[in-house]
file data23.pdb (PDB, C-alpha atoms)
MODEL        1
ATOM      1  CA  MET A   1      46.226 -33.695 -73.474  1.00  0.00           C
ATOM      2  CA  LEU A   2      45.118 -35.322 -76.755  1.00  0.00           C
ATOM      3  CA  ILE A   3      46.486 -38.703 -75.678  1.00  0.00           C
ATOM      4  CA  ALA A   4      44.667 -38.411 -72.356  1.00  0.00           C
ATOM      5  CA  LEU A   5      41.396 -37.463 -74.040  1.00  0.00           C
ATOM      6  CA  LEU A   6      41.558 -40.460 -76.360  1.00  0.00           C
ATOM      7  CA  ALA A   7      42.643 -42.975 -73.721  1.00  0.00           C
ATOM      8  CA  PRO A   8      40.038 -45.495 -72.471  1.00  0.00           C
ATOM      9  CA  MET A   9      38.514 -44.493 -69.131  1.00  0.00           C
ATOM     10  CA  THR A  10      35.737 -45.345 -66.650  1.00  0.00           C
ATOM     11  CA  ALA A  11      34.156 -43.339 -63.834  1.00  0.00           C
ATOM     12  CA  HIS A  12      33.955 -43.208 -60.032  1.00  0.00           C
ATOM     13  CA  ALA A  13      32.833 -40.579 -57.551  1.00  0.00           C
ATOM     14  CA  VAL A  14      34.931 -37.860 -55.900  1.00  0.00           C
ATOM     15  CA  LEU A  15      34.045 -35.350 -53.202  1.00  0.00           C
ATOM     16  CA  GLN A  16      32.632 -32.241 -54.880  1.00  0.00           C
ATOM     17  CA  ASP A  17      34.251 -29.869 -52.387  1.00  0.00           C
ATOM     18  CA  GLU A  18      34.823 -27.013 -54.851  1.00  0.00           C
ATOM     19  CA  ILE A  19      33.332 -26.167 -58.229  1.00  0.00           C
ATOM     20  CA  GLN A  20      35.836 -23.798 -59.740  1.00  0.00           C
ATOM     21  CA  VAL A  21      37.949 -23.306 -62.837  1.00  0.00           C
ATOM     22  CA  TYR A  22      41.398 -22.056 -61.811  1.00  0.00           C
ATOM     23  CA  ASP A  23      42.385 -18.869 -63.641  1.00  0.00           C
ATOM     24  CA  ASP A  24      45.131 -16.238 -63.299  1.00  0.00           C
ATOM     25  CA  GLU A  25      44.193 -15.017 -59.816  1.00  0.00           C
ATOM     26  CA  ILE A  26      47.065 -15.472 -57.352  1.00  0.00           C
ATOM     27  CA  ASN A  27      47.970 -13.759 -54.105  1.00  0.00           C
ATOM     28  CA  ALA A  28      51.001 -11.474 -54.066  1.00  0.00           C
ATOM     29  CA  LYS A  29      53.750 -12.112 -51.535  1.00  0.00           C
ATOM     30  CA  GLY A  30      52.331 -11.731 -48.011  1.00  0.00           C
ATOM     31  CA  GLU A  31      48.737 -11.380 -49.220  1.00  0.00           C
ATOM     32  CA  GLN A  32      46.170 -13.665 -47.603  1.00  0.00           C
ATOM     33  CA  SER A  33      42.637 -14.586 -48.637  1.00  0.00           C
ATOM     34  CA  LEU A  34      39.712 -16.661 -47.422  1.00  0.00           C
ATOM     35  CA  GLU A  35      37.032 -18.187 -49.640  1.00  0.00           C
ATOM     36  CA  LEU A  36      33.962 -20.160 -48.653  1.00  0.00           C
ATOM     37  CA  HIS A  37      32.933 -22.812 -51.184  1.00  0.00           C
ATOM     38  CA  VAL A  38      29.317 -23.948 -50.855  1.00  0.00           C
ATOM     39  CA  ASN A  39      27.414 -26.253 -53.178  1.00  0.00           C
ATOM     40  CA  THR A  40      24.248 -28.286 -52.768  1.00  0.00           C
ATOM     41  CA  THR A  41      22.525 -30.948 -54.869  1.00  0.00           C
ATOM     42  CA  PRO A  42      18.720 -30.888 -54.515  1.00  0.00           C
ATOM     43  CA  ARG A  43      18.658 -33.624 -57.160  1.00  0.00           C
ATOM     44  CA  GLY A  44      21.818 -35.674 -56.957  1.00  0.00           C
ATOM     45  CA  VAL A  45      23.083 -39.168 -57.714  1.00  0.00           C
ATOM     46  CA  GLN A  46      21.376 -41.792 -55.521  1.00  0.00           C
ATOM     47  CA  THR A  47      23.198 -44.965 -56.589  1.00  0.00           C
ATOM     48  CA  PRO A  48      26.580 -45.542 -54.883  1.00  0.00           C
ATOM     49  CA  SER A  49      29.571 -46.264 -57.096  1.00  0.00           C
ATOM     50  CA  TYR A  50      31.280 -48.295 -54.338  1.00  0.00           C
ATOM     51  CA  PRO A  51      30.143 -49.898 -51.028  1.00  0.00           C
ATOM     52  CA  GLY A  52      29.723 -47.411 -48.186  1.00  0.00           C
ATOM     53  CA  GLU A  53      29.692 -44.268 -50.324  1.00  0.00           C
ATOM     54  CA  MET A  54      27.608 -41.357 -48.971  1.00  0.00           C
ATOM     55  CA  MET A  55      25.432 -40.051 -51.762  1.00  0.00           C
ATOM     56  CA  THR A  56      25.246 -36.454 -52.967  1.00  0.00           C
ATOM     57  CA  ASN A  57      21.440 -36.323 -53.208  1.00  0.00           C
ATOM     58  CA  ASN A  58      20.052 -33.569 -50.917  1.00  0.00           C
ATOM     59  CA  ALA A  59      23.519 -32.986 -49.443  1.00  0.00           C
ATOM     60  CA  THR A  60      25.472 -29.741 -49.075  1.00  0.00           C
ATOM     61  CA  ARG A  61      29.258 -29.360 -49.108  1.00  0.00           C
ATOM     62  CA  ILE A  62      30.880 -26.488 -47.186  1.00  0.00           C
ATOM     63  CA  THR A  63      34.601 -25.854 -47.665  1.00  0.00           C
ATOM     64  CA  PRO A  64      36.554 -22.870 -46.332  1.00  0.00           C
ATOM     65  CA  GLU A  65      39.820 -22.251 -48.202  1.00  0.00           C
ATOM     66  CA  TYR A  66      42.663 -20.139 -46.807  1.00  0.00           C
ATOM     67  CA  ALA A  67      45.411 -19.016 -49.205  1.00  0.00           C
ATOM     68  CA  TYR A  68      48.666 -17.129 -48.683  1.00  0.00           C
ATOM     69  CA  GLY A  69      51.021 -15.596 -51.233  1.00  0.00           C
ATOM     70  CA  LEU A  70      54.600 -16.881 -50.972  1.00  0.00           C
ATOM     71  CA  GLY A  71      56.092 -14.681 -53.683  1.00  0.00           C
ATOM     72  CA  ASP A  72      57.922 -15.762 -56.848  1.00  0.00           C
ATOM     73  CA  LYS A  73      54.490 -16.514 -58.394  1.00  0.00           C
ATOM     74  CA  LEU A  74      53.700 -19.092 -55.711  1.00  0.00           C
ATOM     75  CA  GLU A  75      50.612 -19.396 -53.506  1.00  0.00           C
ATOM     76  CA  ALA A  76      49.835 -21.947 -50.766  1.00  0.00           C
ATOM     77  CA  GLY A  77      46.344 -22.991 -49.736  1.00  0.00           C
ATOM     78  CA  PHE A  78      44.563 -25.104 -47.128  1.00  0.00           C
ATOM     79  CA  TYR A  79      41.007 -26.535 -47.198  1.00  0.00           C
ATOM     80  CA  ILE A  80      38.753 -28.131 -44.599  1.00  0.00           C
ATOM     81  CA  ASN A  81      35.958 -30.198 -46.159  1.00  0.00           C
ATOM     82  CA  SER A  82      32.562 -30.829 -44.584  1.00  0.00           C
ATOM     83  CA  VAL A  83      29.235 -32.267 -45.715  1.00  0.00           C
ATOM     84  CA  VAL A  84      25.766 -31.541 -44.345  1.00  0.00           C
ATOM     85  CA  SER A  85      23.413 -34.470 -44.931  1.00  0.00           C
ATOM     86  CA  ASN A  86      20.126 -35.323 -43.184  1.00  0.00           C
ATOM     87  CA  ASN A  87      20.613 -32.208 -41.026  1.00  0.00           C
ATOM     88  CA  ASN A  88      23.922 -33.557 -39.720  1.00  0.00           C
ATOM     89  CA  TRP A  89      27.286 -31.850 -40.164  1.00  0.00           C
ATOM     90  CA  ASN A  90      30.100 -34.273 -41.026  1.00  0.00           C
ATOM     91  CA  TYR A  91      33.830 -33.652 -41.293  1.00  0.00           C
ATOM     92  CA  ALA A  92      34.927 -34.975 -44.710  1.00  0.00           C
ATOM     93  CA  GLY A  93      38.662 -34.291 -44.917  1.00  0.00           C
ATOM     94  CA  ALA A  94      41.344 -31.703 -45.625  1.00  0.00           C
ATOM     95  CA  LYS A  95      43.636 -30.621 -48.456  1.00  0.00           C
ATOM     96  CA  VAL A  96      46.796 -28.589 -48.937  1.00  0.00           C
ATOM     97  CA  ARG A  97      47.822 -27.070 -52.242  1.00  0.00           C
ATOM     98  CA  LEU A  98      50.566 -25.106 -53.979  1.00  0.00           C
ATOM     99  CA  LYS A  99      49.792 -22.941 -57.016  1.00  0.00           C
ATOM    100  CA  TYR A 100      52.505 -21.775 -59.417  1.00  0.00           C
ATOM    101  CA  LEU A 101      51.692 -19.268 -62.171  1.00  0.00           C
ATOM    102  CA  PRO A 102      54.861 -18.472 -64.166  1.00  0.00           C
ATOM    103  CA  PHE A 103      53.042 -17.164 -67.270  1.00  0.00           C
ATOM    104  CA  ASN A 104      51.077 -13.938 -66.931  1.00  0.00           C
ATOM    105  CA  GLU A 105      49.535 -11.757 -69.639  1.00  0.00           C
ATOM    106  CA  GLU A 106      50.114  -8.599 -67.572  1.00  0.00           C
ATOM    107  CA  GLU A 107      53.864  -9.265 -67.844  1.00  0.00           C
ATOM    108  CA  GLY A 108      53.753  -9.624 -71.612  1.00  0.00           C
ATOM    109  CA  ASP A 109      53.109 -13.343 -72.010  1.00  0.00           C
ATOM    110  CA  TYR A 110      50.731 -14.350 -74.799  1.00  0.00           C
ATOM    111  CA  PHE A 111      48.622 -16.379 -72.343  1.00  0.00           C
ATOM    112  CA  PHE A 112      48.530 -17.138 -68.633  1.00  0.00           C
ATOM    113  CA  GLY A 113      49.441 -20.578 -67.374  1.00  0.00           C
ATOM    114  CA  GLY A 114      50.679 -22.604 -64.479  1.00  0.00           C
ATOM    115  CA  LEU A 115      50.108 -25.596 -62.252  1.00  0.00           C
ATOM    116  CA  ASN A 116      48.244 -26.280 -59.019  1.00  0.00           C
ATOM    117  CA  VAL A 117      49.286 -29.337 -56.988  1.00  0.00           C
ATOM    118  CA  GLU A 118      47.154 -30.723 -54.142  1.00  0.00           C
ATOM    119  CA  LEU A 119      47.416 -33.447 -51.509  1.00  0.00           C
ATOM    120  CA  SER A 120      44.194 -34.573 -49.834  1.00  0.00           C
ATOM    121  CA  ASN A 121      43.085 -36.731 -46.920  1.00  0.00           C
ATOM    122  CA  THR A 122      39.386 -37.523 -47.438  1.00  0.00           C
ATOM    123  CA  LEU A 123      37.244 -39.939 -45.440  1.00  0.00           C
ATOM    124  CA  PRO A 124      36.485 -43.132 -47.406  1.00  0.00           C
ATOM    125  CA  GLN A 125      32.718 -42.586 -47.430  1.00  0.00           C
ATOM    126  CA  TYR A 126      33.335 -39.574 -49.709  1.00  0.00           C
ATOM    127  CA  GLU A 127      36.220 -40.831 -51.865  1.00  0.00           C
ATOM    128  CA  GLN A 128      37.171 -44.432 -52.468  1.00  0.00           C
ATOM    129  CA  SER A 129      40.872 -43.691 -51.964  1.00  0.00           C
ATOM    130  CA  ARG A 130      41.508 -41.823 -48.713  1.00  0.00           C
ATOM    131  CA  TYR A 131      44.793 -40.191 -49.789  1.00  0.00           C
ATOM    132  CA  ASN A 132      45.072 -38.544 -53.213  1.00  0.00           C
ATOM    133  CA  ALA A 133      47.282 -36.193 -55.213  1.00  0.00           C
ATOM    134  CA  GLU A 134      46.095 -33.820 -57.921  1.00  0.00           C
ATOM    135  CA  ALA A 135      47.969 -31.952 -60.646  1.00  0.00           C
ATOM    136  CA  ARG A 136      45.791 -29.269 -62.251  1.00  0.00           C
ATOM    137  CA  PHE A 137      47.236 -27.408 -65.221  1.00  0.00           C
ATOM    138  CA  ILE A 138      46.029 -23.847 -65.853  1.00  0.00           C
ATOM    139  CA  ILE A 139      45.882 -22.493 -69.392  1.00  0.00           C
ATOM    140  CA  GLY A 140      43.942 -19.348 -70.290  1.00  0.00           C
ATOM    141  CA  LYS A 141      43.650 -16.259 -72.424  1.00  0.00           C
ATOM    142  CA  HIS A 142      41.868 -12.892 -72.221  1.00  0.00           C
ATOM    143  CA  VAL A 143      40.485 -11.736 -75.578  1.00  0.00           C
ATOM    144  CA  GLY A 144      38.932  -8.313 -75.167  1.00  0.00           C
ATOM    145  CA  LYS A 145      36.130  -8.767 -72.645  1.00  0.00           C
ATOM    146  CA  TRP A 146      36.197 -12.541 -73.048  1.00  0.00           C
ATOM    147  CA  LEU A 147      38.026 -15.054 -70.849  1.00  0.00           C
ATOM    148  CA  PHE A 148      38.851 -18.605 -71.974  1.00  0.00           C
ATOM    149  CA  VAL A 149      40.345 -21.077 -69.475  1.00  0.00           C
ATOM    150  CA  VAL A 150      40.925 -24.833 -69.486  1.00  0.00           C
ATOM    151  CA  ASN A 151      42.166 -26.963 -66.571  1.00  0.00           C
ATOM    152  CA  PRO A 152      43.407 -30.446 -67.568  1.00  0.00           C
ATOM    153  CA  ILE A 153      43.432 -32.368 -64.271  1.00  0.00           C
ATOM    154  CA  PHE A 154      45.211 -35.574 -63.274  1.00  0.00           C
ATOM    155  CA  ASP A 155      44.235 -37.266 -59.983  1.00  0.00           C
ATOM    156  CA  GLN A 156      46.403 -40.033 -58.547  1.00  0.00           C
ATOM    157  CA  PRO A 157      45.173 -42.247 -55.675  1.00  0.00           C
ATOM    158  CA  LEU A 158      47.819 -42.701 -52.976  1.00  0.00           C
ATOM    159  CA  SER A 159      46.050 -45.304 -50.815  1.00  0.00           C
ATOM    160  CA  GLN A 160      46.342 -49.064 -51.062  1.00  0.00           C
ATOM    161  CA  PRO A 161      45.270 -50.847 -53.216  1.00  0.00           C
ATOM    162  CA  TYR A 162      44.464 -47.912 -55.524  1.00  0.00           C
ATOM    163  CA  VAL A 163      47.980 -46.458 -55.574  1.00  0.00           C
ATOM    164  CA  HIS A 164      48.933 -48.956 -58.285  1.00  0.00           C
ATOM    165  CA  GLN A 165      46.197 -47.708 -60.610  1.00  0.00           C
ATOM    166  CA  GLY A 166      46.779 -45.159 -63.327  1.00  0.00           C
ATOM    167  CA  PRO A 167      45.780 -41.527 -62.786  1.00  0.00           C
ATOM    168  CA  ASP A 168      42.259 -40.238 -63.382  1.00  0.00           C
ATOM    169  CA  PHE A 169      41.782 -37.559 -66.025  1.00  0.00           C
ATOM    170  CA  ASN A 170      39.255 -34.725 -65.657  1.00  0.00           C
ATOM    171  CA  THR A 171      38.725 -31.340 -67.284  1.00  0.00           C
ATOM    172  CA  ALA A 172      37.286 -28.002 -66.168  1.00  0.00           C
ATOM    173  CA  ILE A 173      36.548 -25.322 -68.776  1.00  0.00           C
ATOM    174  CA  ARG A 174      35.357 -21.730 -68.435  1.00  0.00           C
ATOM    175  CA  VAL A 175      34.144 -19.272 -71.074  1.00  0.00           C
ATOM    176  CA  SER A 176      32.947 -15.923 -69.710  1.00  0.00           C
ATOM    177  CA  ARG A 177      32.433 -12.323 -70.785  1.00  0.00           C
ATOM    178  CA  GLU A 178      32.594  -9.071 -68.840  1.00  0.00           C
ATOM    179  CA  VAL A 179      29.201  -7.330 -69.027  1.00  0.00           C
ATOM    180  CA  ALA A 180      29.946  -4.421 -66.653  1.00  0.00           C
ATOM    181  CA  PRO A 181      32.999  -3.292 -64.666  1.00  0.00           C
ATOM    182  CA  ASP A 182      33.934  -6.210 -62.350  1.00  0.00           C
ATOM    183  CA  TRP A 183      30.886  -8.239 -63.443  1.00  0.00           C
ATOM    184  CA  SER A 184      30.961 -11.217 -65.817  1.00  0.00           C
ATOM    185  CA  VAL A 185      28.649 -14.002 -66.906  1.00  0.00           C
ATOM    186  CA  GLY A 186      29.669 -17.288 -68.410  1.00  0.00           C
ATOM    187  CA  THR A 187      29.524 -21.044 -68.611  1.00  0.00           C
ATOM    188  CA  GLU A 188      31.679 -23.737 -67.045  1.00  0.00           C
ATOM    189  CA  PHE A 189      31.849 -27.397 -67.993  1.00  0.00           C
ATOM    190  CA  TYR A 190      33.263 -30.204 -65.866  1.00  0.00           C
ATOM    191  CA  SER A 191      34.033 -33.676 -67.241  1.00  0.00           C
ATOM    192  CA  ASN A 192      35.111 -36.523 -64.963  1.00  0.00           C
ATOM    193  CA  TYR A 193      36.376 -39.322 -67.219  1.00  0.00           C
ATOM    194  CA  ASN A 194      38.424 -41.081 -64.538  1.00  0.00           C
ATOM    195  CA  GLN A 195      41.008 -43.801 -64.701  1.00  0.00           C
ATOM    196  CA  ILE A 196      43.152 -43.682 -67.826  1.00  0.00           C
ATOM    197  CA  GLY A 197      43.496 -46.985 -69.656  1.00  0.00           C
ATOM    198  CA  SER A 198      40.816 -48.846 -67.686  1.00  0.00           C
ATOM    199  CA  GLY A 199      38.697 -49.831 -70.678  1.00  0.00           C
ATOM    200  CA  PRO A 200      36.494 -48.414 -73.446  1.00  0.00           C
ATOM    201  CA  ILE A 201      34.780 -45.102 -72.722  1.00  0.00           C
ATOM    202  CA  SER A 202      31.132 -45.455 -71.689  1.00  0.00           C
ATOM    203  CA  TYR A 203      29.773 -41.912 -71.895  1.00  0.00           C
ATOM    204  CA  PRO A 204      26.675 -42.594 -69.692  1.00  0.00           C
ATOM    205  CA  ASN A 205      29.054 -43.693 -66.902  1.00  0.00           C
ATOM    206  CA  THR A 206      31.127 -40.509 -67.014  1.00  0.00           C
ATOM    207  CA  GLN A 207      30.308 -37.380 -65.029  1.00  0.00           C
ATOM    208  CA  GLN A 208      29.413 -34.389 -67.219  1.00  0.00           C
ATOM    209  CA  LEU A 209      28.224 -31.185 -65.552  1.00  0.00           C
ATOM    210  CA  GLY A 210      27.539 -27.748 -67.063  1.00  0.00           C
ATOM    211  CA  PHE A 211      27.014 -24.459 -65.209  1.00  0.00           C
ATOM    212  CA  LEU A 212      25.625 -21.017 -65.919  1.00  0.00           C
ATOM    213  CA  LYS A 213      27.507 -18.582 -63.681  1.00  0.00           C
ATOM    214  CA  VAL A 214      27.821 -14.972 -62.638  1.00  0.00           C
ATOM    215  CA  TYR A 215      31.098 -13.502 -61.333  1.00  0.00           C
ATOM    216  CA  CYS A 216      31.507 -10.380 -59.194  1.00  0.00           C
ATOM    217  CA  ASP A 217      35.145  -9.344 -58.684  1.00  0.00           C
ATOM    218  CA  ALA A 218      34.598  -6.193 -56.604  1.00  0.00           C
ATOM    219  CA  GLY A 219      32.526  -4.805 -53.753  1.00  0.00           C
ATOM    220  CA  PRO A 220      32.737  -5.655 -50.068  1.00  0.00           C
ATOM    221  CA  ILE A 221      32.288  -9.403 -50.730  1.00  0.00           C
ATOM    222  CA  PRO A 222      33.284 -10.652 -54.207  1.00  0.00           C
ATOM    223  CA  PHE A 223      31.567 -13.887 -55.209  1.00  0.00           C
ATOM    224  CA  GLN A 224      30.741 -16.444 -57.863  1.00  0.00           C
ATOM    225  CA  ALA A 225      27.360 -18.156 -58.098  1.00  0.00           C
ATOM    226  CA  GLY A 226      25.858 -20.622 -60.496  1.00  0.00           C
ATOM    227  CA  ILE A 227      23.353 -23.315 -61.325  1.00  0.00           C
ATOM    228  CA  GLY A 228      24.437 -26.607 -62.842  1.00  0.00           C
ATOM    229  CA  LYS A 229      22.861 -29.446 -64.771  1.00  0.00           C
ATOM    230  CA  GLY A 230      24.173 -32.982 -65.191  1.00  0.00           C
ATOM    231  CA  PHE A 231      24.096 -34.604 -68.620  1.00  0.00           C
ATOM    232  CA  THR A 232      24.593 -38.297 -67.734  1.00  0.00           C
ATOM    233  CA  ASN A 233      23.127 -40.792 -65.269  1.00  0.00           C
ATOM    234  CA  SER A 234      26.356 -40.589 -63.255  1.00  0.00           C
ATOM    235  CA  SER A 235      26.041 -36.802 -62.820  1.00  0.00           C
ATOM    236  CA  ASP A 236      24.014 -34.814 -60.297  1.00  0.00           C
ATOM    237  CA  SER A 237      20.851 -33.573 -62.042  1.00  0.00           C
ATOM    238  CA  LEU A 238      20.755 -30.183 -60.298  1.00  0.00           C
ATOM    239  CA  THR A 239      23.535 -28.371 -58.423  1.00  0.00           C
ATOM    240  CA  LEU A 240      23.563 -24.900 -56.887  1.00  0.00           C
ATOM    241  CA  MET A 241      26.911 -23.345 -55.968  1.00  0.00           C
ATOM    242  CA  ALA A 242      28.589 -20.218 -54.643  1.00  0.00           C
ATOM    243  CA  ILE A 243      32.124 -19.082 -53.817  1.00  0.00           C
ATOM    244  CA  ILE A 244      32.237 -16.177 -51.384  1.00  0.00           C
ATOM    245  CA  SER A 245      35.411 -14.163 -50.759  1.00  0.00           C
ATOM    246  CA  ILE A 246      35.665 -13.111 -47.116  1.00  0.00           C
ATOM    247  CA  PRO A 247      37.800  -9.986 -46.523  1.00  0.00           C
ATOM    248  CA  LEU A 248      40.910 -10.504 -44.373  1.00  0.00           C
ATOM    249  CA  PRO A 249      43.324  -7.926 -42.967  1.00  0.00           C
ATOM    250  CA  GLN A 250      46.536  -7.581 -44.954  1.00  0.00           C
ATOM    251  CA  PHE A 251      49.820  -7.211 -43.115  1.00  0.00           C
TER
ENDMDL
END
call {"tool": "encode", "arguments": {"input": "data23.pdb", "output": "structure tokens"}}
result
Amino acid sequence: MLIALLAPMTAHAVLQDEIQVYDDEINAKGEQSLELHVNTTPRGVQTPSYPGEMMTNNATRITPEYAYGLGDKLEAGFYINSVVSNNNWNYAGAKVRLKYLPFNEEEGDYFFGGLNVELSNTLPQYEQSRYNAEARFIIGKHVGKWLFVVNPIFDQPLSQPYVHQGPDFNTAIRVSREVAPDWSVGTEFYSNYNQIGSGPISYPNTQQLGFLKVYCDAGPIPFQAGIGKGFTNSSDSLTLMAIISIPLPQF
């Protein structure tokens, strides 16, 4: 992680289909779940980072995610990405993922940890490389009512001519505190540094986004909601987001 943080990097855009720090939640064997990821950028980036890119300004991303527990601390997931822009709904792509969480505090481990691996097929107007792979590490710790989580993320383009480039490096960090049973508030910070080894770091060209969030883990429809601010010219100035858990029958 330290080597990756210190490596030279530059930035490019990726589809903001989900704004989420992965923690220790994982479906048990046979358990299924459905989440709806929604985020909108009333004030977003308006300058494309490559020819033909569809901008995030005044656009909304809607992504349903289905997940199923495979057992042995494994969970599979499937996403369908869409973007609403200028009152038009547009299919943006799809992803599959596999989450593995071998370390769990409830089983006596000092921390929780694992790995989420994704393969995506995204239309080129939303990501410069159509096919991509992601490896997202999950490292976290509960300390009393506090939760600390970091996701070091490596994205590898799989499309020509980008497949020969080095991986992109990003981070997602969450710090939250329980304020009532099943209710928490916290902050999340997302940094998109991008391709490792591509040159000196230019902070204004990186994507840096911070969120204030509320988390509800109970009730008929658990949810997360937040408001985000960008800290560089390459970041969306204002983002509103929500993740809604839709109840499914369990068999």
call {"tool": "resolve_selection", "arguments": {"input": "data23.pdb", "expression": "the PyMOL selection byres ((chain A and resi 179) around 12)", "output": "PyMOL selection string"}}
result
chain A and resi 144-147+176-178+180-186+214-216
call {"tool": "residues_around", "arguments": {"input": "data23.pdb", "residues": "Ser234 of chain A", "least_positions_apart": "2", "cutoff": "8 Å", "atoms": "only C-alpha atoms", "output": "count of residues only"}}
result
8
call {"tool": "closest_residue", "arguments": {"input": "data23.pdb", "among": "A:Thr56, A:Gln16, A:Gln224, A:Thr63", "to": "Ala242 of chain A", "atoms": "all atoms listed in the file"}}
result
A:Gln224
call {"tool": "atom_distance", "arguments": {"input": "data23.pdb", "atom1": "atom CA of Thr60 of chain A", "atom2": "atom CA of Val83 of chain A"}}
result
5.6 Å
call {"tool": "atom_distance", "arguments": {"input": "data23.pdb", "atom1": "atom CA of Ile153 of chain A", "atom2": "atom CA of Asn90 of chain A"}}
result
26.9 Å
call {"tool": "residues_around", "arguments": {"input": "data23.pdb", "residues": "Ile244 of chain A", "least_positions_apart": "4", "cutoff": "6 Å", "atoms": "only C-alpha atoms", "output": "PyMOL selection string"}}
result
chain A and resi 35-36+223
call {"tool": "resolve_selection", "arguments": {"input": "data23.pdb", "expression": "the PyMOL selection byres ((chain A and resi 72) around 12)", "output": "PyMOL selection string"}}
result
chain A and resi 26-30+69-71+73-76+99-103
call {"tool": "closest_residue", "arguments": {"input": "data23.pdb", "among": "A:His37, A:Arg136, A:Arg43, A:Lys229", "to": "Ile62 of chain A", "atoms": "all atoms listed in the file"}}
result
A:His37
call {"tool": "atom_distance", "arguments": {"input": "data23.pdb", "atom1": "atom CA of Phe148 of chain A", "atom2": "atom CA of Leu98 of chain A"}}
result
22.4 Å
call {"tool": "residues_around", "arguments": {"input": "data23.pdb", "residues": "Ile138 of chain A", "least_positions_apart": "4", "cutoff": "6 Å", "atoms": "all atoms listed in the file", "output": "number ranges by chain"}}
result
A: 113-115, 151
call {"tool": "residues_near_point", "arguments": {"input": "data23.pdb", "point": "(22.2, -40.1, -44.7)", "cutoff": "8 Å", "atoms": "only C-alpha atoms", "output": "count of residues only"}}
result
4
call {"tool": "residues_around", "arguments": {"input": "data23.pdb", "residues": "Thr40 of chain A", "least_positions_apart": "2", "cutoff": "8 Å", "atoms": "all atoms listed in the file", "output": "ChimeraX atom specification"}}
result
/A:38,42,58-61,239-241
call {"tool": "decode", "arguments": {"input": "data23.pdb", "residues": "segment 40-44 of chain A", "atoms": "all heavy atoms", "output": "short mmCIF file (atom, residue, chain, number, x, y, z; two decimals), in the first residue's frame"}}
result
data_model
loop_
_atom_site.label_atom_id
_atom_site.label_comp_id
_atom_site.auth_asym_id
_atom_site.auth_seq_id
_atom_site.Cartn_x
_atom_site.Cartn_y
_atom_site.Cartn_z
N THR A 40 -26.49 11.27 -7.76
CA THR A 40 -26.69 12.33 -8.75
C THR A 40 -25.73 13.47 -8.48
O THR A 40 -25.32 13.69 -7.33
CB THR A 40 -28.15 12.84 -8.71
OG1 THR A 40 -28.35 13.79 -9.76
CG2 THR A 40 -28.48 13.49 -7.37
N THR A 41 -25.34 14.19 -9.53
CA THR A 41 -24.37 15.27 -9.42
C THR A 41 -24.98 16.56 -9.95
O THR A 41 -24.86 16.86 -11.14
CB THR A 41 -23.08 14.93 -10.19
OG1 THR A 41 -23.43 14.39 -11.48
CG2 THR A 41 -22.25 13.91 -9.45
N PRO A 42 -25.66 17.33 -9.08
CA PRO A 42 -26.20 18.62 -9.53
C PRO A 42 -25.11 19.57 -10.03
O PRO A 42 -25.36 20.40 -10.90
CB PRO A 42 -26.87 19.17 -8.27
CG PRO A 42 -27.11 17.97 -7.40
CD PRO A 42 -25.99 17.03 -7.69
N ARG A 43 -23.92 19.45 -9.46
CA ARG A 43 -22.77 20.22 -9.93
C ARG A 43 -21.61 19.26 -10.13
O ARG A 43 -20.91 18.89 -9.19
CB ARG A 43 -22.40 21.32 -8.93
CG ARG A 43 -23.48 22.38 -8.75
CD ARG A 43 -22.93 23.66 -8.13
NE ARG A 43 -22.36 23.43 -6.83
CZ ARG A 43 -23.04 23.52 -5.69
NH1 ARG A 43 -24.33 23.77 -5.71
NH2 ARG A 43 -22.44 23.31 -4.53
N GLY A 44 -21.46 18.82 -11.38
CA GLY A 44 -20.44 17.83 -11.69
C GLY A 44 -19.40 18.37 -12.66
O GLY A 44 -19.47 19.51 -13.14
#
